[in-house]
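Source file: structure22.cif. Holds: mmCIF, C-alpha atoms.
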data_query
#
loop_
_atom_site.label_atom_id
_atom_site.label_comp_id
_atom_site.auth_asym_id
_atom_site.auth_seq_id
_atom_site.Cartn_x
_atom_site.Cartn_y
_atom_site.Cartn_z
CA MET A 273 13.71 -15.54 -3.09
CA GLU A 274 10.09 -15.27 -2.02
CA VAL A 275 7.65 -16.97 -4.35
CA PRO A 276 3.90 -17.40 -4.29
CA TYR A 277 2.84 -20.52 -2.49
CA GLU A 278 1.18 -23.10 -4.73
CA SER A 279 -2.18 -22.89 -2.98
CA HIS A 280 -2.44 -19.13 -3.57
CA PRO A 281 -5.55 -18.44 -5.71
CA HIS A 282 -3.38 -16.82 -8.38
CA CYS A 283 -1.07 -19.78 -8.60
CA VAL A 284 -3.22 -22.89 -8.70
CA GLY A 285 -2.18 -24.77 -11.84
CA ASP A 286 0.12 -21.89 -12.85
CA TRP A 287 2.85 -21.85 -10.21
CA GLN A 288 5.82 -22.04 -12.61
CA ARG A 289 4.59 -18.96 -14.49
CA TRP A 290 4.57 -16.88 -11.31
CA TYR A 291 7.89 -18.28 -10.16
CA ALA A 292 9.52 -17.32 -13.45
CA PHE A 293 7.97 -13.86 -13.24
CA LEU A 294 9.39 -13.24 -9.76
CA CYS A 295 12.79 -14.50 -10.87
CA ARG A 296 12.75 -11.92 -13.66
CA LEU A 297 11.87 -9.18 -11.21
CA ASP A 298 14.65 -10.20 -8.84
CA GLN A 299 17.21 -10.31 -11.64
CA ALA A 300 16.13 -6.92 -12.94
CA ARG A 301 16.43 -5.51 -9.42
CA ILE A 302 19.96 -6.94 -9.13
CA ASP A 303 20.87 -5.45 -12.52
CA ALA A 304 19.54 -2.05 -11.44
CA GLN A 305 21.57 -2.26 -8.20
CA ALA A 306 18.95 -0.18 -6.39
CA LEU A 307 15.39 -0.29 -5.16
CA ASP A 308 14.48 3.03 -6.70
CA TYR A 309 12.18 4.26 -9.45
CA ASP A 310 14.61 3.19 -12.15
CA GLY A 311 14.41 -0.36 -10.85
CA ALA A 312 12.27 -3.36 -11.68
CA TYR A 313 9.48 -2.75 -9.19
CA ASN A 314 8.13 0.30 -10.95
CA ALA A 315 5.16 -1.27 -12.76
CA MET A 316 5.23 1.43 -15.41
CA LEU A 317 8.74 0.51 -16.60
CA MET A 318 8.12 -3.20 -17.15
CA THR A 319 7.37 -4.96 -20.38
CA PRO A 320 3.62 -4.88 -21.13
CA GLU A 321 3.34 -8.58 -20.32
CA ASP A 322 5.17 -8.34 -16.98
CA ARG A 323 3.33 -5.14 -16.11
CA ALA A 324 0.00 -6.92 -16.54
CA MET A 325 1.18 -9.75 -14.29
CA TYR A 326 2.53 -7.30 -11.72
CA LEU A 327 -0.76 -5.44 -11.49
CA GLU A 328 -2.74 -8.68 -11.26
CA PHE A 329 -0.57 -9.90 -8.42
CA MET A 330 -0.17 -6.67 -6.45
CA GLU A 331 -3.84 -5.71 -6.55
CA ASN A 332 -4.76 -8.89 -4.67
CA PRO A 333 -4.57 -8.37 -0.89
CA PRO A 334 -3.07 -11.76 0.10
CA ARG A 335 0.14 -10.95 -1.82
CA PHE A 336 3.00 -13.38 -1.28
CA GLN A 337 3.72 -16.30 1.00
CA GLU A 338 6.88 -18.35 1.35
CA ILE A 339 7.15 -21.44 -0.80
CA ALA A 340 7.19 -23.64 2.32
CA GLY A 341 3.67 -22.46 2.97
CA GLU A 342 4.53 -20.60 6.16
CA SER A 343 3.13 -17.11 6.60
CA PHE A 344 5.48 -14.18 7.04
CA ARG A 345 5.81 -12.84 10.57
CA VAL A 346 4.26 -9.62 9.31
CA PRO A 347 1.02 -9.66 7.31
CA ALA A 348 1.78 -10.95 3.82
CA TRP A 349 0.37 -7.78 2.24
CA LEU A 350 2.85 -5.68 4.25
CA HIS A 351 5.95 -7.72 3.48
CA PHE A 352 7.31 -5.71 0.53
CA ILE A 353 6.78 -2.43 2.36
CA GLN A 354 8.67 -3.80 5.36
CA GLN A 355 11.53 -4.52 2.97
CA GLU A 356 11.26 -0.99 1.53
CA ILE A 357 10.60 -2.09 -2.02
CA VAL A 358 9.10 0.74 -4.03
CA GLY A 359 6.08 0.19 -6.21
CA SER A 360 4.17 -1.97 -3.72
CA PRO A 361 1.68 0.41 -2.05
CA VAL A 362 -1.34 -0.82 -0.12
CA LEU A 363 -4.51 0.85 1.10
CA VAL A 364 -5.59 0.32 4.69
CA LEU A 365 -8.30 1.34 7.08
CA ALA A 366 -6.32 2.59 10.07
CA SER A 367 -6.96 3.24 13.73
CA LYS A 368 -4.56 4.86 16.17
CA SER A 369 -5.85 2.75 19.04
CA SER A 370 -7.51 -0.62 19.48
CA PRO A 371 -10.55 -0.46 17.17
CA PRO A 372 -13.69 0.04 19.26
CA SER A 373 -16.04 -1.21 16.55
CA LEU A 374 -16.06 -2.65 13.03
CA HIS A 375 -14.92 -5.78 14.86
CA GLN A 376 -15.96 -8.01 11.97
CA LEU A 377 -12.93 -6.82 10.01
CA GLU A 378 -9.53 -8.50 10.23
CA TRP A 379 -7.51 -5.96 12.20
CA VAL A 380 -3.76 -6.40 12.69
CA ARG A 381 -1.37 -4.32 14.75
CA ILE A 382 1.52 -3.21 12.56
CA LYS A 383 4.67 -1.15 12.90
CA ILE A 384 6.06 0.62 9.85
CA GLN A 385 9.04 2.89 9.21
CA ILE A 386 8.22 6.46 8.17
CA ASP A 387 9.74 9.95 7.79
CA GLY A 388 12.39 9.06 5.21
CA ASN A 389 15.96 9.20 6.50
CA ALA A 390 14.69 9.95 10.01
CA CYS A 391 13.67 6.26 10.19
CA ASN A 392 10.94 6.84 12.75
CA GLU A 393 8.37 4.14 13.43
CA LEU A 394 4.59 4.28 13.58
CA GLU A 395 2.33 1.70 15.20
CA ILE A 396 -1.30 1.47 14.14
CA PHE A 397 -4.13 -1.03 13.84
CA ALA A 398 -4.91 -1.67 10.19
CA VAL A 399 -7.17 -3.59 7.83
CA ASN A 400 -5.94 -4.23 4.31
CA LEU A 401 -8.49 -2.96 1.79
CA PRO A 402 -8.89 -4.51 -1.68
CA ILE A 403 -8.55 -1.70 -4.19
CA GLN A 404 -10.07 -0.93 -7.55
CA LYS A 405 -7.79 -1.90 -10.41
CA CYS A 406 -7.77 1.64 -11.77
CA VAL A 407 -6.07 3.12 -8.69
CA PHE A 408 -3.01 0.93 -8.07
CA GLU A 409 -0.79 2.76 -10.54
CA LYS A 410 -2.11 6.04 -9.15
CA PHE A 411 -0.80 4.98 -5.74
CA ILE A 412 2.60 4.37 -7.34
CA ALA A 413 2.49 7.88 -8.85
CA LEU A 414 1.70 9.32 -5.42
CA GLU A 415 4.57 7.34 -3.91
CA ARG A 416 6.89 8.72 -6.59
CA ASN A 417 5.92 12.28 -5.63
CA PHE A 418 7.10 11.83 -2.04
CA TYR A 419 9.73 9.09 -2.17
CA GLN A 420 13.02 10.44 -0.69
CA SER A 421 11.23 13.64 0.32
CA ASN A 422 11.82 12.98 4.05
CA ILE A 423 8.46 14.62 4.60
CA GLY A 424 7.51 14.36 8.27
CA TRP A 425 11.16 14.34 9.44
CA ASP A 426 10.46 17.63 11.15
CA GLN A 427 7.09 19.21 11.72
CA ASN A 428 5.44 19.69 8.33
CA ASP A 429 4.74 23.24 7.31
CA ILE A 430 1.65 24.36 5.43
CA SER A 431 3.39 24.04 2.05
CA ASP A 432 3.93 20.30 2.62
CA PHE A 433 0.26 19.82 3.36
CA GLU A 434 -0.82 21.91 0.37
CA PHE A 435 1.46 19.94 -1.97
CA TYR A 436 0.06 16.67 -0.63
CA ARG A 437 -3.53 17.84 -0.96
CA GLU A 438 -2.85 18.99 -4.53
CA SER A 439 -1.21 15.63 -5.31
CA LEU A 440 -4.32 13.81 -4.11
CA ARG A 441 -6.50 16.10 -6.22
CA GLN A 442 -4.43 15.59 -9.38
CA ILE A 443 -3.57 11.89 -9.05
CA LEU A 444 -6.42 10.12 -7.26
CA PRO A 445 -10.12 10.04 -8.19
CA SER A 446 -12.47 12.82 -7.21
CA GLY A 447 -13.73 12.61 -3.64
CA VAL A 448 -10.41 11.61 -2.05
CA THR A 449 -9.52 14.25 0.55
CA CYS A 450 -7.23 14.78 3.54
CA ASN A 451 -8.95 17.70 5.24
CA LYS A 452 -9.22 16.07 8.67
CA VAL A 453 -6.15 13.83 8.71
CA GLY A 454 -3.52 15.79 6.78
CA HIS A 455 -1.49 16.30 9.97
CA TRP A 456 -0.63 12.58 9.83
CA LEU A 457 1.29 13.05 6.57
CA ARG A 458 4.68 11.30 6.57
CA GLU A 459 6.88 9.76 3.92
CA ALA A 460 5.59 6.19 3.47
CA PHE A 461 2.30 7.03 5.23
CA TYR A 462 -0.27 9.02 3.28
CA PRO A 463 -3.54 9.66 5.16
CA ILE A 464 -6.98 10.03 3.56
CA ASP A 465 -10.26 11.10 5.13
CA PHE A 466 -12.56 8.19 6.01
CA THR A 467 -15.56 9.21 3.92
CA ARG A 468 -18.06 7.42 1.72
CA GLU A 469 -16.65 9.33 -1.26
CA GLY A 470 -13.16 8.08 -0.51
CA ILE A 471 -14.36 4.50 -0.06
CA ALA A 472 -16.31 4.62 -3.33
CA ALA A 473 -13.31 6.04 -5.20
CA LEU A 474 -10.70 3.55 -3.96
CA VAL A 475 -12.11 0.31 -2.53
CA ASP A 476 -13.16 -2.62 -4.74
CA GLU A 477 -16.94 -2.47 -4.73
CA LYS A 478 -17.16 -6.23 -5.32
CA SER A 479 -15.49 -7.04 -2.00
CA GLU A 480 -17.24 -7.90 1.25
CA ILE A 481 -15.20 -5.19 2.98
CA PHE A 482 -16.77 -2.58 0.70
CA ASP A 483 -20.22 -3.59 1.93
CA VAL A 484 -19.09 -3.39 5.57
CA LEU A 485 -17.63 0.08 5.06
CA GLU A 486 -20.60 1.31 3.08
CA PHE A 487 -22.98 0.57 5.93
CA ALA A 488 -20.62 1.52 8.76
CA ALA A 489 -21.09 4.61 10.89
CA LEU A 490 -18.15 6.60 9.60
CA ASP A 491 -16.28 7.83 12.66
CA GLN A 492 -13.47 10.11 11.48
CA ASP A 493 -12.20 10.49 15.03
CA ALA A 494 -11.58 6.75 15.33
CA TYR A 495 -10.63 5.75 11.77
CA PHE A 496 -8.99 7.03 8.63
CA LEU A 497 -7.74 5.61 5.35
CA ALA A 498 -4.03 5.50 4.55
CA ILE A 499 -1.80 4.52 1.66
CA LEU A 500 1.30 2.69 2.93
CA THR A 501 4.40 2.67 0.76
CA ALA A 502 8.11 1.95 1.10
CA ASN A 503 10.21 4.37 3.14
CA CYS A 504 13.37 5.55 1.40
CA ASP A 505 15.76 4.54 4.19
#

Just give me the structure as structure tokens.
Amino acid sequence: MEVPYESHPHCVGDWQRWYAFLCRLDQARIDAQALDYDGAYNAMLMTPEDRAMYLEFMENPPRFQEIAGESFRVPAWLHFIQQEIVGSPVLVLASKSSPPSLHQLEWVRIKIQIDGNACNELEIFAVNLPIQKCVFEKFIALERNFYQSNIGWDQNDISDFEFYRESLRQILPSGVTCNKVGHWLREAFYPIDFTREGIAALVDEKSEIFDVLEFAALDQDAYFLAILTANCD
């Protein structure tokens, strides 16, 4: 049972509340007998009170740490995705190679499973981006569209790309596109063009990272945005 460490900003003076919340989620997941969209980790199926707590917790980049205070071997914000728990998407700034600039950001090298039942792996450099509160549930809706789709198992055809582009248009705010990076589309890895419009639509404007990105020279050959979610297998 992973629980938020007492020194986590969300948990100072309120640790028992969060512990009880996570116990409820774990029990609901056991009752559902599956980590799917009928299970406890779909924020839209929780009680209103638990849903509010879920959104508050999942929208904060640090996410969870072990109760002993030790960090997970993978970045804490990636832990639920590594365990393939649906309903825990994150937004990252990604680079396919060692980032040549934007060095002031906290880059980590990660490996994630993609392509559904094909269980392929992708290694990238990534920076976790704090998101606007209005988009977290939209990420979950996007994940729902492609969960168990096995998209990317074989070479995507044009219909896959068109469906993804239409999903972005319908679900996410205006200005979010995939015109230059759509070929990276895989289940559990949903690429977005690195543009000022995309940053403004998705990233928390109160964060320091937002300021860094706003004034950065946007190099779409070196960087792109991506939504990481659980892979179905």

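Of note, CA of Gln355 (chain A) and CA of Asn503 (chain A) are spaced 9.0 Å apart.
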
Item to check | Expected selection from the PyMOL selection byres ((chain A and resi 385-388) around 8), given as a PyMOL selection string | outcome: chain A and resi 354+383-384+389-394+419-425+458-461+503-505

Item to check | For Glu434 (chain A): contacts at 12 Å, only C-alpha atoms, fewer than 2 positions along chain excluded, given as JSON, numbers by chain | outcome: {"A": [428, 429, 430, 431, 432, 436, 437, 438, 439, 440, 441, 449, 450, 451, 454, 455, 457]}

Next on the checklist: Suppose a student applies the PyMOL selection byres ((chain A and resi 407-411) around 10) to this structure; what residues should they get, written as a PyMOL selection string?
Outcome noted: chain A and resi 314-316+327+330-331+359-363+403-406+412-417+440+442-445+462+473-476+499-501

Checklist entry - Any idea what's packed within 7 Å of Gly470 (chain A), counting only C-alpha atoms, ignoring anything in its chain fewer than 4 positions away? Could you give it as an MDAnalysis selection string? => result chainID A and resid 447:448 466 474
